[in-house]
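The structure under discussion appears below in the form of C-alpha cells.
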Amino acid sequence: DYATLDEAVKGVEDGTKIILAAGEYTLSVKIEKSVVIEGPNANLAVAEFKAEEAVVTVTADVAGNLAAQNIEFNGVHVKGVGGGADTSGVSFQYGGKIETLTFKSCVLSDTNTLLKLQGDATSYEILIENCHLHTIGQFALWCTKGVSKVTLVGNVVDGSTCGAVTNAAAAIFRVRSGSLEAYNNVFNGDSLNEPGYFECSAEASVVKYNTFNDVTKFAHPTAENKLTFDENLYVVQGAVAAAAPAQVAVKGVTADATVATSEADRASRYEAAK
C-alpha cells in the first residue's frame with residue numbers, strides 16, 4: 001500500500017493495477033510506467049455509476065505527464081482544476097512512449113483542456129469508453145501529431161456544459177492526427193464555442209449510431225473536415241427528426257444518408273454492426 005496516488009504511480013512496477021477506494025486523490029507526477037488506475041466504477045456503463053467515487057484531481061500543466069507505453073484509467077473521476085471561463089491549464093500532455101491511452105467508465109470533467117497530444121511521430125491509439133464528459137472549458141481532446149486513431153464509444157457528453165473558455169477554433173474533439181470513430185454515444189446540447197463537437201481534418205472519420213439531443217453545432221464549420229455522419233438519432237425538443245439537421249453538413253462533412261427513427265432503432269443498428 002502507498003500513502004498517496006503520486007507515491008503509487010512512482011513506486012509500482014511496470015504493468016501494475018493501482019486500485020483506489022472511494023475518496024479524494026491528487027495526481028501531480030508524470031506517469032512513467034504502464035499502469036491501470038482503477039476505481040469503484042470500473043467497467044460500468046454511465047447509467048450504472050455509483051455515487052461513491054474515487055476522485056482524482058490532476059494538477060494542471062505537468063509537462064509530459066503521459067510518459068508510459070500503456071496507461072488506463074478505469075472507474076475513476078478524473079477532474080481538472082476547473083472548466084470555467086477563468087480557468088487555464090492542460091490535465092494531460094504527451095510525454096513519449098505511448099502506445100495506448102484508455103479512459104473507461106470514468107467521469108472526465110472540470111478542466112480547460114483534458115488531453116493535449118502533440119507528440120512525435122510515434123503512432124498511438126486513444127480509447128474513451130463508457131465515460132461521462134462535462135464542464136470542459138475548451139478541448140476534451142486536442143491532438144495534432146502522433147495519434148493514429150481515436151475511438152469514442154458508449155459515452156455521455158454534456159456539450160451544453162462545455163466551451164466556457166471562449167475560443168472560436170475550439171471543437172470539443174479536435175483530431176488533426178489520425179482518424180476518429182464515434183459510436184453509440186449521447187451528445188447533449190451545444191458547446192458555447194461555435195465549432196461544437198468535432199474537428200477531424202487528418203484522415204477519414206465517422207460519427208455513427210449516436211444520439212444527438214438538441215444539438216445544432218456538430219462540427220467545425222470552416223475546418224478541412226474529412227467526416228461522415230450516418231445512422232444517428234437526432235432529437236429536437238423531444239421529437240425525433242426525420243432527417244439529419246441542416247447544420248450537420250458543414251465544410252467537409254457528409255450528412256447521414258439515413259437516420260435512426262427511434263432509440264430502439266438506433267440501438268438495433270449499432271448492435272447489428274458490432
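The way I read the labels, and the way they are meant: chains A, B, ... in the order of the C-alpha cells, residue 1 as the first residue of every chain, and ligand 1 as the first ligand shown, with later ones counted on from there.
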Residues near range 258-273 of chain A, anyone? I mean within 12 Å using only C-alpha atoms, not counting same-chain ones fewer than 4 positions away, as a compact mmCIF listing (two decimals) with N, CA and C atoms, in the first residue's frame.
```txt
# COMPACT_ATOMS: atom_id res chain seq x y z
N VAL A 153 -16.80 5.54 -27.65
CA VAL A 153 -17.90 4.58 -27.69
C VAL A 153 -18.60 4.52 -26.34
N GLY A 154 -19.93 4.66 -26.37
CA GLY A 154 -20.73 4.49 -25.17
C GLY A 154 -20.67 5.63 -24.18
N ALA A 182 -16.69 7.48 -33.74
CA ALA A 182 -17.59 7.76 -32.62
C ALA A 182 -18.87 6.96 -32.79
N TYR A 183 -19.09 5.99 -31.89
CA TYR A 183 -20.24 5.09 -31.98
C TYR A 183 -20.98 5.03 -30.64
N ASN A 184 -22.29 5.00 -30.71
CA ASN A 184 -23.12 4.67 -29.53
C ASN A 184 -22.94 5.65 -28.38
N ASN A 185 -22.68 6.91 -28.71
CA ASN A 185 -22.56 7.95 -27.70
C ASN A 185 -23.85 8.78 -27.63
N VAL A 186 -23.98 9.53 -26.54
CA VAL A 186 -25.07 10.50 -26.39
C VAL A 186 -24.44 11.88 -26.25
N VAL A 207 -18.92 9.30 -37.58
CA VAL A 207 -19.78 9.52 -36.41
C VAL A 207 -21.08 8.80 -36.70
N LYS A 208 -21.32 7.66 -36.00
CA LYS A 208 -22.38 6.76 -36.44
C LYS A 208 -23.06 6.10 -35.24
N TYR A 209 -24.37 5.91 -35.34
CA TYR A 209 -25.17 5.24 -34.32
C TYR A 209 -25.18 6.00 -32.99
N ASN A 210 -25.08 7.32 -33.04
CA ASN A 210 -25.11 8.14 -31.83
C ASN A 210 -26.46 8.81 -31.67
N THR A 211 -26.70 9.35 -30.47
CA THR A 211 -27.89 10.16 -30.21
C THR A 211 -27.46 11.60 -29.97
N PHE A 212 -28.07 12.52 -30.69
CA PHE A 212 -27.82 13.94 -30.51
C PHE A 212 -29.10 14.59 -29.99
N ASN A 213 -29.05 15.10 -28.77
CA ASN A 213 -30.20 15.75 -28.15
C ASN A 213 -30.03 17.27 -28.19
N THR A 228 -17.78 11.76 -41.85
CA THR A 228 -19.07 11.26 -42.31
C THR A 228 -19.95 10.95 -41.12
N PHE A 229 -21.15 11.50 -41.10
CA PHE A 229 -22.20 11.17 -40.13
C PHE A 229 -23.14 10.18 -40.80
N ASP A 230 -23.61 9.17 -40.05
CA ASP A 230 -24.60 8.27 -40.63
C ASP A 230 -25.33 7.49 -39.54
N GLU A 231 -26.61 7.23 -39.79
CA GLU A 231 -27.46 6.40 -38.96
C GLU A 231 -27.52 6.86 -37.50
N ASN A 232 -27.41 8.16 -37.31
CA ASN A 232 -27.56 8.74 -35.98
C ASN A 232 -29.02 9.04 -35.68
N LEU A 233 -29.32 9.23 -34.40
CA LEU A 233 -30.65 9.63 -33.95
C LEU A 233 -30.57 11.10 -33.55
N TYR A 234 -31.43 11.91 -34.13
CA TYR A 234 -31.47 13.34 -33.83
C TYR A 234 -32.79 13.66 -33.14
N VAL A 235 -32.69 14.21 -31.94
CA VAL A 235 -33.86 14.55 -31.15
C VAL A 235 -33.86 16.06 -30.91
N GLY A 238 -37.45 16.93 -27.81
CA GLY A 238 -38.20 15.71 -27.52
C GLY A 238 -38.75 14.98 -28.72
N ALA A 239 -38.67 15.58 -29.90
CA ALA A 239 -39.21 14.96 -31.11
C ALA A 239 -38.08 14.41 -31.97
N VAL A 240 -38.26 13.22 -32.52
CA VAL A 240 -37.25 12.60 -33.37
C VAL A 240 -37.30 13.23 -34.76
N ALA A 241 -36.15 13.67 -35.25
CA ALA A 241 -36.08 14.29 -36.57
C ALA A 241 -36.11 13.21 -37.65
N ALA A 242 -36.77 13.53 -38.76
CA ALA A 242 -36.91 12.57 -39.86
C ALA A 242 -35.70 12.57 -40.79
N ALA A 243 -34.82 13.53 -40.61
CA ALA A 243 -33.60 13.63 -41.42
C ALA A 243 -32.54 14.34 -40.60
N ALA A 244 -31.31 14.23 -41.07
CA ALA A 244 -30.22 14.93 -40.37
C ALA A 244 -30.45 16.44 -40.44
N PRO A 245 -30.24 17.16 -39.35
CA PRO A 245 -30.38 18.61 -39.39
C PRO A 245 -29.44 19.23 -40.41
N THR A 254 -20.05 14.93 -44.52
CA THR A 254 -21.14 14.28 -45.23
C THR A 254 -22.23 13.93 -44.23
```
Inset, instruction - Going by DSSP on the backbone, which bits of range 39-263 of chain A are strand (DSSP E)? Write them as number ranges by chain, please. - result: A: 54-58, 70-74, 77-79, 90-93, 100-104, 107-118, 124-129, 132-145, 147-153, 156-157, 173-175, 179-183, 186-188, 198-200, 205-208, 211-213, 227-230, 233-236, 239-240, 253-254
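Taking CA of Phe198 in chain A as the reference point, CA of Lys217 in chain A is found at 8.9 Å.
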Inset, instruction - With a distance cut-off of 10 Å and only C-alpha atoms, select the neighbouring residues of range 166-178 of chain A, excluding the residue or stretch itself and same-chain residues fewer than 3 positions from it, and output the selection as a count of residues only. - result: 54
Inset, instruction - Would you mind listing what lies within 8 Å of Asn65 in chain A as a PyMOL selection string, with only C-alpha atoms counted and same-chain residues fewer than 3 positions away left out? - result: chain A and resi 29-32+62+92-95
Prev. selection, C-alpha atoms, output as a CSV table (one decimal), in the first residue's frame:
```csv
chain,number,residue,atom,x,y,z
A,29,VAL,CA,3.5,13.5,-11.2
A,30,LYS,CA,4.5,12.0,-14.5
A,31,ILE,CA,3.1,8.6,-15.3
A,32,GLU,CA,6.3,6.8,-16.4
A,62,VAL,CA,2.6,18.9,-15.6
A,92,PHE,CA,-2.6,15.5,-19.6
A,93,GLN,CA,0.2,16.1,-22.1
A,94,TYR,CA,2.2,13.8,-24.4
A,95,GLY,CA,5.4,12.6,-22.8
```
Inset, instruction - If you run DSSP over the backbone, which residues in range 15-256 of chain A end up helix (DSSP H, G or I)? Put them as a list in words. - result: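 Restricting range 15-256 of chain A to helix (DSSP H, G or I) produces Val46, Ala47, Glu48, Gly159, Ser160, Thr161, Ala246, Gln247 and Val248 of chain A.
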Serialized selection, C-alpha atoms, as a short mmCIF file (atom, residue, chain, number, x, y, z; two decimals), in the first residue's frame:
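Output file out_0.cif is given in full below:
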```cif
data_model
loop_
_atom_site.label_atom_id
_atom_site.label_comp_id
_atom_site.auth_asym_id
_atom_site.auth_seq_id
_atom_site.Cartn_x
_atom_site.Cartn_y
_atom_site.Cartn_z
CA VAL A 46 -22.55 5.60 -17.26
CA ALA A 47 -26.10 4.87 -16.06
CA GLU A 48 -24.68 2.38 -13.55
CA GLY A 159 -21.79 19.70 -24.57
CA SER A 160 -24.01 22.35 -23.03
CA THR A 161 -21.63 22.49 -20.04
CA ALA A 246 -29.05 21.01 -42.00
CA GLN A 247 -26.31 22.11 -39.59
CA VAL A 248 -24.57 18.72 -39.90
#
```
Inset, instruction - Would you kindly return, as an NGL selection string, each protein, DNA or RNA residue with an atom no farther than 10 Å from any atom of Thr87 in chain A, considering only C-alpha atoms and excluding same-chain residues fewer than 6 positions away? - result: :A and (80-81 or 110-113 or 137-138 or 164-165)
Legend entry - Glu72 in chain A environment, 12 Å, only C-alpha atoms, sequence neighbours closer than 3 positions dropped, as number ranges by chain: A: 15-19, 31, 33-39, 42-43, 66, 68-69, 75-76, 78, 98-106, 125-129
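Taking CA of Lys50 in chain A and CA of Ala22 in chain A as the two end points, the separation is 9.9 Å.
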Inset, instruction - Would you work out the distance separating CA of Ser91 in chain A from CA of Asn70 in chain A, expressed in Å to one decimal? - result: 17.4 Å
